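Heads up, coords33.json below (JSON, C-alpha atoms):
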```json
[["chain", "number", "residue", "atom", "x", "y", "z"],
["A", 250, "MET", "CA", 0.00, 0.00, 0.00],
["A", 251, "GLU", "CA", 1.54, 3.28, -1.10],
["A", 252, "GLY", "CA", 2.04, 5.86, 1.63],
["A", 253, "THR", "CA", 2.37, 3.28, 4.40],
["A", 254, "PHE", "CA", 5.30, 1.48, 5.91],
["A", 255, "ALA", "CA", 5.23, -1.10, 8.67],
["A", 256, "GLY", "CA", 1.61, -0.23, 9.34],
["A", 257, "PHE", "CA", 2.24, 3.49, 9.76],
["A", 258, "TRP", "CA", 0.96, 6.12, 7.37],
["A", 259, "ARG", "CA", 3.60, 8.28, 5.75],
["A", 260, "PRO", "CA", 2.53, 11.29, 3.72],
["A", 261, "LYS", "CA", 3.43, 11.51, 0.04],
["A", 262, "PRO", "CA", 6.01, 14.08, -1.13],
["A", 263, "VAL", "CA", 4.75, 17.64, -0.93],
["A", 264, "THR", "CA", 5.78, 21.08, -2.02],
["A", 265, "ALA", "CA", 6.08, 23.51, 0.88],
["A", 266, "ILE", "CA", 6.58, 27.25, 0.92],
["A", 267, "GLY", "CA", 9.45, 28.27, 3.19],
["A", 268, "SER", "CA", 9.44, 31.31, 5.47],
["A", 269, "THR", "CA", 11.26, 33.36, 2.81],
["A", 270, "GLY", "CA", 8.78, 32.34, 0.12],
["A", 271, "GLU", "CA", 10.96, 29.68, -1.54],
["A", 272, "ARG", "CA", 9.31, 26.47, -2.67],
["A", 273, "ARG", "CA", 10.73, 23.28, -1.20],
["A", 274, "ILE", "CA", 9.84, 19.79, -2.30],
["A", 275, "ASN", "CA", 10.01, 17.47, 0.64],
["A", 276, "THR", "CA", 10.75, 14.07, -0.92],
["A", 277, "MET", "CA", 10.45, 12.16, 2.36],
["A", 278, "GLY", "CA", 7.02, 13.65, 3.04],
["A", 279, "ILE", "CA", 8.22, 15.23, 6.28],
["A", 280, "ILE", "CA", 7.38, 18.81, 7.13],
["A", 281, "ALA", "CA", 9.55, 20.56, 9.70],
["A", 282, "LYS", "CA", 8.31, 23.04, 12.24],
["A", 283, "PRO", "CA", 8.73, 26.49, 10.67],
["A", 284, "ASP", "CA", 11.62, 27.57, 12.92],
["A", 285, "LEU", "CA", 13.78, 24.48, 12.30],
["A", 286, "ASP", "CA", 16.69, 24.69, 9.88],
["A", 287, "THR", "CA", 16.71, 21.86, 7.32],
["A", 288, "ASP", "CA", 19.51, 23.07, 5.01],
["A", 289, "TRP", "CA", 21.78, 20.37, 6.45],
["A", 290, "LYS", "CA", 19.80, 17.72, 4.52],
["A", 291, "ASP", "CA", 21.58, 18.70, 1.29],
["A", 292, "SER", "CA", 24.89, 17.44, 2.77],
["A", 293, "SER", "CA", 23.59, 14.21, 4.29],
["A", 294, "ASN", "CA", 24.91, 10.74, 3.48],
["A", 295, "CYS", "CA", 21.35, 9.52, 3.07],
["A", 296, "LEU", "CA", 20.55, 11.91, 0.23],
["A", 297, "GLY", "CA", 19.36, 9.67, -2.60],
["A", 298, "VAL", "CA", 19.15, 6.54, -0.42],
["A", 299, "ASP", "CA", 15.81, 4.72, -0.33],
["A", 300, "PRO", "CA", 13.94, 6.21, 2.68],
["A", 301, "ASP", "CA", 12.51, 2.77, 3.51],
["A", 302, "LEU", "CA", 15.97, 1.81, 4.77],
["A", 303, "PHE", "CA", 15.52, 4.33, 7.59],
["A", 304, "PHE", "CA", 12.03, 3.11, 8.50],
["A", 305, "PRO", "CA", 12.54, -0.62, 9.10],
["A", 306, "GLU", "CA", 9.68, -2.87, 10.08],
["A", 307, "ARG", "CA", 9.24, -3.55, 13.77],
["A", 308, "GLY", "CA", 11.93, -5.96, 14.91],
["A", 309, "ALA", "CA", 13.99, -5.61, 11.71],
["A", 310, "SER", "CA", 17.66, -4.66, 11.83],
["A", 311, "THR", "CA", 18.62, -0.99, 11.90],
["A", 312, "ARG", "CA", 22.29, -1.76, 11.27],
["A", 313, "GLU", "CA", 22.36, -0.75, 7.58],
["A", 314, "ALA", "CA", 20.64, 2.58, 8.20],
["A", 315, "LYS", "CA", 22.93, 3.35, 11.13],
["A", 316, "GLU", "CA", 25.92, 2.49, 8.96],
["A", 317, "VAL", "CA", 24.86, 5.15, 6.43],
["A", 318, "CYS", "CA", 24.64, 7.64, 9.31],
["A", 319, "ARG", "CA", 27.92, 6.65, 10.97],
["A", 320, "GLY", "CA", 30.27, 8.83, 8.91],
["A", 321, "CYS", "CA", 27.77, 11.55, 8.03],
["A", 322, "ILE", "CA", 28.98, 15.09, 8.57],
["A", 323, "VAL", "CA", 25.48, 16.32, 9.46],
["A", 324, "ARG", "CA", 24.59, 13.45, 11.80],
["A", 325, "GLU", "CA", 24.25, 15.70, 14.85],
["A", 326, "ASP", "CA", 22.07, 18.17, 12.92],
["A", 327, "CYS", "CA", 19.85, 15.31, 11.78],
["A", 328, "LEU", "CA", 19.51, 13.94, 15.31],
["A", 329, "GLU", "CA", 18.74, 17.37, 16.73],
["A", 330, "TYR", "CA", 16.16, 17.94, 13.99],
["A", 331, "ALA", "CA", 14.42, 14.68, 14.91],
["A", 332, "LEU", "CA", 14.48, 15.52, 18.61],
["A", 333, "LEU", "CA", 13.14, 19.05, 18.13],
["A", 334, "ASN", "CA", 10.59, 18.05, 15.49],
["A", 335, "GLY", "CA", 9.25, 15.14, 17.54],
["A", 336, "GLU", "CA", 10.07, 12.44, 14.98],
["A", 337, "LYS", "CA", 8.73, 9.24, 16.51],
["A", 338, "PHE", "CA", 9.61, 6.78, 13.78],
["A", 339, "GLY", "CA", 12.70, 5.80, 11.83],
["A", 340, "ILE", "CA", 16.44, 6.23, 12.14],
["A", 341, "TRP", "CA", 17.53, 9.86, 12.49],
["A", 342, "GLY", "CA", 21.09, 10.91, 13.21],
["A", 343, "GLY", "CA", 22.03, 7.27, 13.57],
["A", 344, "MET", "CA", 19.59, 6.65, 16.41],
["A", 345, "SER", "CA", 16.43, 4.59, 16.68],
["A", 346, "GLU", "CA", 13.13, 5.66, 18.18],
["A", 347, "ARG", "CA", 14.05, 4.06, 21.50],
["A", 348, "GLU", "CA", 17.45, 5.77, 21.62],
["A", 349, "ARG", "CA", 15.86, 9.16, 20.87],
["A", 350, "ARG", "CA", 13.23, 8.63, 23.58],
["A", 351, "ARG", "CA", 16.05, 8.03, 26.03],
["A", 352, "ILE", "CA", 17.70, 11.32, 25.03],
["A", 353, "ARG", "CA", 14.39, 13.21, 25.32],
["A", 354, "ARG", "CA", 13.78, 11.75, 28.78],
["A", 355, "GLN", "CA", 17.31, 12.66, 29.89],
["A", 356, "ARG", "CA", 16.94, 16.22, 28.61],
["A", 357, "ALA", "CA", 13.58, 16.57, 30.38],
["A", 358, "LEU", "CA", 15.16, 15.42, 33.64],
["A", 359, "GLU", "CA", 18.01, 17.87, 33.18],
["A", 360, "ARG", "CA", 15.55, 20.73, 32.54],
["A", 361, "GLN", "CA", 13.59, 19.79, 35.67],
["A", 362, "ALA", "CA", 16.76, 19.70, 37.76],
["A", 363, "ALA", "CA", 17.86, 23.08, 36.36],
["A", 364, "ALA", "CA", 14.42, 24.56, 37.13],
["A", 365, "ARG", "CA", 14.57, 23.25, 40.70],
["A", 366, "THR", "CA", 18.05, 24.69, 41.11],
["A", 367, "ALA", "CA", 16.91, 28.05, 39.75],
["A", 368, "GLU", "CA", 13.93, 28.09, 42.14],
["A", 369, "ALA", "CA", 16.20, 27.34, 45.11],
["A", 370, "VAL", "CA", 18.40, 30.36, 44.37]]
```
Here is the file; what I need is its structure written in the form of structure tokens.
Amino acid sequence: MEGTFAGFWRPKPVTAIGSTGERRINTMGIIAKPDLDTDWKDSSNCLGVDPDLFFPERGASTREAKEVCRGCIVREDCLEYALLNGEKFGIWGGMSERERRRIRRQRALERQAAARTAEAV
């Protein structure tokens, strides 16, 4: 079924208008929040690679996708994009959904601790 992968719906490619009026075709069907920079995608190792590699079926190996990410010069930008944009599925910045959830939880705990420290001062 076109537009789905592993039981999850994925939107078809779309043309979006950027904040400066430029037209962007999003070939992976992913729209970023307006304030997120996505220029790094043009330098990614995954550019031109089948997106299905980065959205493996539940229980399937993520090794090949992570290997593409391993030497990528924009890996950190990609990971940060996924974290800030709330990407719940797929391999982003060389990390799986579970690995990204762990990072989000850790960051939330750090923010809570910082807020408590700020309140105590």
Atom CA of A:Lys290 to atom CA of A:Met344, straight-line distance in Å: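 We find that atom CA of A:Met344 and atom CA of A:Lys290 lie 16.2 Å from each other.
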Looking at A:Phe304, A:Ala314, A:Ala369, A:Trp341, which one is nearest to A:Glu329, with distances taken over all atoms listed in the file? A:Trp341
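Selection around (17.8, 11.3, 23.8) with radius 12 Å, counting all atoms listed in the file, yields the residues Glu325, Leu328, Glu329, Tyr330, Ala331, Leu332, Leu333, Gly335, Glu336, Lys337, Trp341, Gly342, Gly343, Met344, Ser345, Glu346, Arg347, Glu348, Arg349, Arg350, Arg351, Ile352, Arg353, Arg354, Gln355, Arg356, Ala357, Leu358 and Glu359 of chain A.
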In Å, with one decimal, what is the gap from atom CA of A:Ala309 to atom CA of A:Ile340?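 Interatomic distance, atom CA of A:Ala309 to atom CA of A:Ile340: 12.1 Å.
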Do you have the atom CA of A:Asp301-atom CA of A:Cys318 distance handy?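 These atoms are spaced 14.3 Å apart.
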Within 7 Å of A:Val323 using all atoms listed in the file, minus same-chain residues under 5 positions, as number ranges by chain: A: 289, 292-293
Test item: residues at most 7 Å from stretch 295-300 of chain A, all atoms listed in the file, excluding those fewer than 3 positions along its chain, as a PDB file with C-alpha atoms, keeping the file's coordinate frame:
```pdb
ATOM      1  CA  MET A 277      10.450  12.160   2.360  1.00  0.00           C
ATOM      2  CA  ASP A 291      21.580  18.700   1.290  1.00  0.00           C
ATOM      3  CA  PHE A 303      15.520   4.330   7.590  1.00  0.00           C
ATOM      4  CA  PHE A 304      12.030   3.110   8.500  1.00  0.00           C
ATOM      5  CA  VAL A 317      24.860   5.150   6.430  1.00  0.00           C
TER       6      VAL A 317
END
```
Is it possible to get the axis-aligned box enclosing stretch 297-313 of chain A (all listed atoms, 4 Å extra per side) as JSON, with centre and edge lengths in Å rounded to one decimal?
```
{"center_x": 15.8, "center_y": 1.9, "center_z": 6.2, "size_x": 21.1, "size_y": 23.6, "size_z": 25.5}
```
